[in-house]
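Structure data (PDB, C-alpha atoms and all ligand atoms) from model_21.pdb:
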```pdb
MODEL        1
ATOM      1  CA  MET A  91      16.992  18.382 -31.097  1.00  0.00           C
ATOM      2  CA  ALA A  92      15.313  15.520 -29.272  1.00  0.00           C
ATOM      3  CA  LYS A  93      17.440  13.400 -26.976  1.00  0.00           C
ATOM      4  CA  ASN A  94      17.328   9.661 -27.008  1.00  0.00           C
ATOM      5  CA  LEU A  95      16.430   8.938 -23.416  1.00  0.00           C
ATOM      6  CA  PRO A  96      16.981   5.459 -21.978  1.00  0.00           C
ATOM      7  CA  VAL A  97      14.004   3.208 -21.375  1.00  0.00           C
ATOM      8  CA  VAL A  98      13.532   2.908 -17.626  1.00  0.00           C
ATOM      9  CA  PRO A  99      11.365   0.542 -15.606  1.00  0.00           C
ATOM     10  CA  THR A 100       8.072   1.887 -14.318  1.00  0.00           C
ATOM     11  CA  ALA A 101       5.885   0.698 -11.487  1.00  0.00           C
ATOM     12  CA  LYS A 102       2.311   1.123 -10.397  1.00  0.00           C
ATOM     13  CA  ALA A 103       1.724   3.188  -7.242  1.00  0.00           C
ATOM     14  CA  GLY A 104       2.298   1.016  -4.226  1.00  0.00           C
ATOM     15  CA  SER A 105       3.779  -1.902  -6.078  1.00  0.00           C
ATOM     16  CA  LEU A 106       7.297  -1.231  -4.810  1.00  0.00           C
ATOM     17  CA  ALA A 107       6.128  -1.128  -1.203  1.00  0.00           C
ATOM     18  CA  GLU A 108       4.422  -4.511  -1.464  1.00  0.00           C
ATOM     19  CA  VAL A 109       7.729  -6.222  -0.807  1.00  0.00           C
ATOM     20  CA  PRO A 110       7.579  -7.203   2.882  1.00  0.00           C
ATOM     21  CA  ALA A 111      11.183  -6.098   3.435  1.00  0.00           C
ATOM     22  CA  GLY A 112      10.154  -2.530   2.635  1.00  0.00           C
ATOM     23  CA  ILE A 113       7.697  -2.474   5.478  1.00  0.00           C
ATOM     24  CA  THR A 114       9.892  -3.808   8.239  1.00  0.00           C
ATOM     25  CA  TRP A 115      11.560  -0.454   8.781  1.00  0.00           C
ATOM     26  CA  ARG A 116       8.281   1.435   9.377  1.00  0.00           C
ATOM     27  CA  ILE A 117       8.440   2.986  12.850  1.00  0.00           C
ATOM     28  CA  GLN A 118       5.222   5.002  12.719  1.00  0.00           C
ATOM     29  CA  GLN A 119       1.881   4.810  10.975  1.00  0.00           C
ATOM     30  CA  PRO A 120      -0.838   7.339  10.188  1.00  0.00           C
ATOM     31  CA  VAL A 121      -4.222   7.474  11.868  1.00  0.00           C
ATOM     32  CA  ILE A 122      -7.078   9.314  10.155  1.00  0.00           C
ATOM     33  CA  LEU A 123      -8.872  11.473  12.710  1.00  0.00           C
ATOM     34  CA  GLU A 124     -12.598  12.316  12.870  1.00  0.00           C
ATOM     35  CA  THR A 125     -11.829  15.863  11.703  1.00  0.00           C
ATOM     36  CA  CYS A 126     -11.002  14.584   8.209  1.00  0.00           C
ATOM     37  CA  ASN A 127     -12.975  16.578   5.649  1.00  0.00           C
ATOM     38  CA  MET A 128     -12.310  14.152   2.784  1.00  0.00           C
ATOM     39  CA  CYS A 129     -10.302  16.621   0.694  1.00  0.00           C
ATOM     40  CA  LEU A 130      -8.317  13.576  -0.537  1.00  0.00           C
ATOM     41  CA  ASP A 131      -5.006  15.464  -0.567  1.00  0.00           C
ATOM     42  CA  CYS A 132      -3.411  12.615   1.369  1.00  0.00           C
ATOM     43  CA  THR A 133      -4.351  10.143  -1.353  1.00  0.00           C
ATOM     44  CA  LEU A 134      -2.608  12.365  -3.880  1.00  0.00           C
ATOM     45  CA  PHE A 135       0.560  12.923  -1.862  1.00  0.00           C
ATOM     46  CA  CYS A 136       1.101   9.381  -0.583  1.00  0.00           C
ATOM     47  CA  PRO A 137       3.960   8.017  -2.690  1.00  0.00           C
ATOM     48  CA  ASP A 138       2.828   4.425  -2.210  1.00  0.00           C
ATOM     49  CA  GLY A 139      -0.904   4.611  -2.790  1.00  0.00           C
ATOM     50  CA  ALA A 140      -1.499   3.452   0.771  1.00  0.00           C
ATOM     51  CA  LEU A 141      -4.454   5.778   1.350  1.00  0.00           C
ATOM     52  CA  VAL A 142      -7.602   5.136  -0.644  1.00  0.00           C
ATOM     53  CA  GLN A 143     -11.171   6.365  -0.551  1.00  0.00           C
ATOM     54  CA  GLN A 144     -13.691   3.648   0.272  1.00  0.00           C
ATOM     55  CA  ASN A 145     -17.353   4.342   1.030  1.00  0.00           C
ATOM     56  CA  SER A 146     -16.835   8.020   1.926  1.00  0.00           C
ATOM     57  CA  LYS A 147     -13.905   7.184   4.222  1.00  0.00           C
ATOM     58  CA  ILE A 148     -10.142   7.237   3.860  1.00  0.00           C
ATOM     59  CA  VAL A 149      -8.756   3.768   4.420  1.00  0.00           C
ATOM     60  CA  LEU A 150      -5.108   3.018   5.185  1.00  0.00           C
ATOM     61  CA  LYS A 151      -3.564  -0.033   3.576  1.00  0.00           C
ATOM     62  CA  LEU A 152      -0.892  -0.997   6.058  1.00  0.00           C
ATOM     63  CA  ASN A 153       0.689  -3.477   3.674  1.00  0.00           C
ATOM     64  CA  LEU A 154       1.649  -0.527   1.463  1.00  0.00           C
ATOM     65  CA  CYS A 155       2.393   2.203   4.031  1.00  0.00           C
ATOM     66  CA  LYS A 156       6.061   2.808   4.796  1.00  0.00           C
ATOM     67  CA  GLY A 157       5.387   5.356   7.537  1.00  0.00           C
ATOM     68  CA  CYS A 158       7.049   8.310   5.867  1.00  0.00           C
ATOM     69  CA  GLY A 159       4.523  10.803   7.271  1.00  0.00           C
ATOM     70  CA  ILE A 160       4.082  12.764   4.059  1.00  0.00           C
ATOM     71  CA  CYS A 161       0.299  12.380   4.328  1.00  0.00           C
ATOM     72  CA  ALA A 162       0.253  13.896   7.831  1.00  0.00           C
ATOM     73  CA  ASN A 163       2.591  16.672   6.764  1.00  0.00           C
ATOM     74  CA  GLU A 164       0.457  17.617   3.766  1.00  0.00           C
ATOM     75  CA  CYS A 165      -2.929  17.417   5.510  1.00  0.00           C
ATOM     76  CA  LYS A 166      -4.194  21.000   5.818  1.00  0.00           C
ATOM     77  CA  GLU A 167      -6.752  20.037   8.472  1.00  0.00           C
ATOM     78  CA  ASN A 168      -4.211  18.180  10.632  1.00  0.00           C
ATOM     79  CA  ALA A 169      -6.572  15.230  10.415  1.00  0.00           C
ATOM     80  CA  ILE A 170      -3.782  12.682  10.171  1.00  0.00           C
ATOM     81  CA  GLN A 171      -1.719  11.829  13.201  1.00  0.00           C
ATOM     82  CA  MET A 172       1.395   9.679  13.110  1.00  0.00           C
ATOM     83  CA  ILE A 173       1.568   7.180  15.949  1.00  0.00           C
ATOM     84  CA  PRO A 174       4.463   4.886  16.891  1.00  0.00           C
ATOM     85  CA  GLU A 175       4.392   1.499  15.227  1.00  0.00           C
ATOM     86  CA  TYR A 176       5.410  -0.204  18.442  1.00  0.00           C
ATOM     87  CA  SER A 177       4.057   0.952  21.777  1.00  0.00           C
ATOM     88  CA  GLY A 178       5.291  -1.861  23.971  1.00  0.00           C
ATOM     89  CA  VAL A 179       8.235  -1.958  26.339  1.00  0.00           C
ATOM     90  CA  GLN A 180      11.048   0.187  25.011  1.00  0.00           C
ATOM     91  CA  GLY A 181      14.605  -1.068  24.829  1.00  0.00           C
ATOM     92  CA  VAL A 182      13.854  -4.779  24.604  1.00  0.00           C
ATOM     93  CA  PHE A 183      16.363  -5.192  21.790  1.00  0.00           C
ATOM     94  CA  ARG A 184      19.318  -3.670  23.621  1.00  0.00           C
TER
HETATM   95  S1  LIG A 201       2.897   7.513   6.005  1.00  0.00           S
HETATM   96 FE1  LIG A 201       3.701   7.753   3.884  1.00  0.00          FE
HETATM   97  S2  LIG A 201       3.339   5.754   2.927  1.00  0.00           S
HETATM   98 FE2  LIG A 201       2.061   5.811   4.781  1.00  0.00          FE
HETATM   99  S3  LIG A 201       0.063   6.543   4.097  1.00  0.00           S
HETATM  100 FE3  LIG A 201       1.232   8.362   4.747  1.00  0.00          FE
HETATM  101  S4  LIG A 201       2.240   9.140   2.908  1.00  0.00           S
HETATM  102 FE4  LIG A 201       1.540   7.025   2.461  1.00  0.00          FE
ENDMDL
END
```
Now that the file is in, can you turn its structure into structure tokens?
Amino acid sequence: MAKNLPVVPTAKAGSLAEVPAGITWRIQQPVILETCNMCLDCTLFCPDGALVQQNSKIVLKLNLCKGCGICANECKENAIQMIPEYSGVQGVFR
């Protein structure tokens, strides 16, 4: 017997991360290294569609990236490195 499931809102990949408030808590961001073999796994695993293929390169869209690190974790070639979002003087907000 089929259940009557509720209608739920849907969103395009990345559309939820476009809200600026969602980006303010990013503390690290991915860097694509030269060893990238363009397997495109990162583009599949990124929950926000922040990694896209453009002209035989992987391009990071920082306005969508929330810094979760899933892309770096799933990269089999270790071609994605997470770097700190802020590299200035530490402790300035204490
Ligand atoms: S850190 Fe997260 S949101 Fe940013 S590109 Fe990687 S998987 Fe996508």
Resolved residues for the PyMOL selection byres (((chain A and resi 166-168) around 9) and not hetatm) as a VMD selection string: chain A and resid 123 125 to 127 131 162 to 165 169 to 171
Suppose we keep C-alpha atoms; can you now write the selection as an mmCIF file, in the frame of the given file?
```
data_model
loop_
_atom_site.group_PDB
_atom_site.id
_atom_site.type_symbol
_atom_site.label_atom_id
_atom_site.label_comp_id
_atom_site.auth_asym_id
_atom_site.auth_seq_id
_atom_site.Cartn_x
_atom_site.Cartn_y
_atom_site.Cartn_z
ATOM 1 C CA LEU A 123 -8.872 11.473 12.710
ATOM 2 C CA THR A 125 -11.829 15.863 11.703
ATOM 3 C CA CYS A 126 -11.002 14.584 8.209
ATOM 4 C CA ASN A 127 -12.975 16.578 5.649
ATOM 5 C CA ASP A 131 -5.006 15.464 -0.567
ATOM 6 C CA ALA A 162 0.253 13.896 7.831
ATOM 7 C CA ASN A 163 2.591 16.672 6.764
ATOM 8 C CA GLU A 164 0.457 17.617 3.766
ATOM 9 C CA CYS A 165 -2.929 17.417 5.510
ATOM 10 C CA ALA A 169 -6.572 15.230 10.415
ATOM 11 C CA ILE A 170 -3.782 12.682 10.171
ATOM 12 C CA GLN A 171 -1.719 11.829 13.201
#
```
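Put simply, CA of Ile117 (chain A) is 8.6 Å away from CA of Ile173 (chain A).
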Check which residues of chain A sit at most 9 Å from ligand LIG 201 (chain A) using all atoms listed in the file, and return one row each with the closest pair of atoms and their distance in Å to one decimal, ordered by chain and rising number, as a tab-separated table.
```
residue	atom	partner	partner_atom	distance
A:Gly104	CA	A:LIG201	S2	8.6
A:Ala107	CA	A:LIG201	S2	8.5
A:Arg116	CA	A:LIG201	S1	8.8
A:Gln118	CA	A:LIG201	S1	7.5
A:Gln119	CA	A:LIG201	S1	5.7
A:Pro120	CA	A:LIG201	S1	5.6
A:Val121	CA	A:LIG201	S3	8.9
A:Cys132	CA	A:LIG201	S4	6.8
A:Thr133	CA	A:LIG201	FE4	7.7
A:Leu134	CA	A:LIG201	S4	8.9
A:Phe135	CA	A:LIG201	S4	6.3
A:Cys136	CA	A:LIG201	S4	3.7
A:Pro137	CA	A:LIG201	FE4	5.8
A:Asp138	CA	A:LIG201	S2	5.3
A:Gly139	CA	A:LIG201	FE4	6.3
A:Ala140	CA	A:LIG201	S3	4.8
A:Leu141	CA	A:LIG201	S3	5.3
A:Leu150	CA	A:LIG201	S3	6.4
A:Lys151	CA	A:LIG201	S3	7.5
A:Leu152	CA	A:LIG201	FE2	7.5
A:Leu154	CA	A:LIG201	S2	6.7
A:Cys155	CA	A:LIG201	FE2	3.7
A:Lys156	CA	A:LIG201	S2	4.4
A:Gly157	CA	A:LIG201	S1	3.6
A:Cys158	CA	A:LIG201	FE1	3.9
A:Gly159	CA	A:LIG201	S1	3.9
A:Ile160	CA	A:LIG201	S4	4.2
A:Cys161	CA	A:LIG201	S4	4.0
A:Ala162	CA	A:LIG201	FE3	6.4
A:Asn163	CA	A:LIG201	S4	8.5
A:Glu164	CA	A:LIG201	S4	8.7
A:Ile170	CA	A:LIG201	FE3	8.6
A:Met172	CA	A:LIG201	S1	7.6
```
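Separating CA of Gln143 (chain A) from CA of Met128 (chain A) is a distance of 8.5 Å.
Counting only C-alpha atoms and comparing A:Leu95, A:Cys129, A:Trp115, A:Glu124, the residue that lies closest to Glu175 (chain A) is A:Trp115.
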Any chance you could work out the axis-aligned box around region 138-150 of chain A, listed atoms only, 6 Å on each side, giving centre and edge lengths in Å to one decimal, as AutoDock Vina command-line options?
```
--center_x -7.3 --center_y 5.5 --center_z 1.2 --size_x 32.2 --size_y 17.0 --size_z 20.0
```
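In this comparison, which uses all atoms listed in the file, the residue of A:Asn153, A:Lys147, A:Pro174, A:Asn94 approaching Ile122 (chain A) most closely is A:Lys147.
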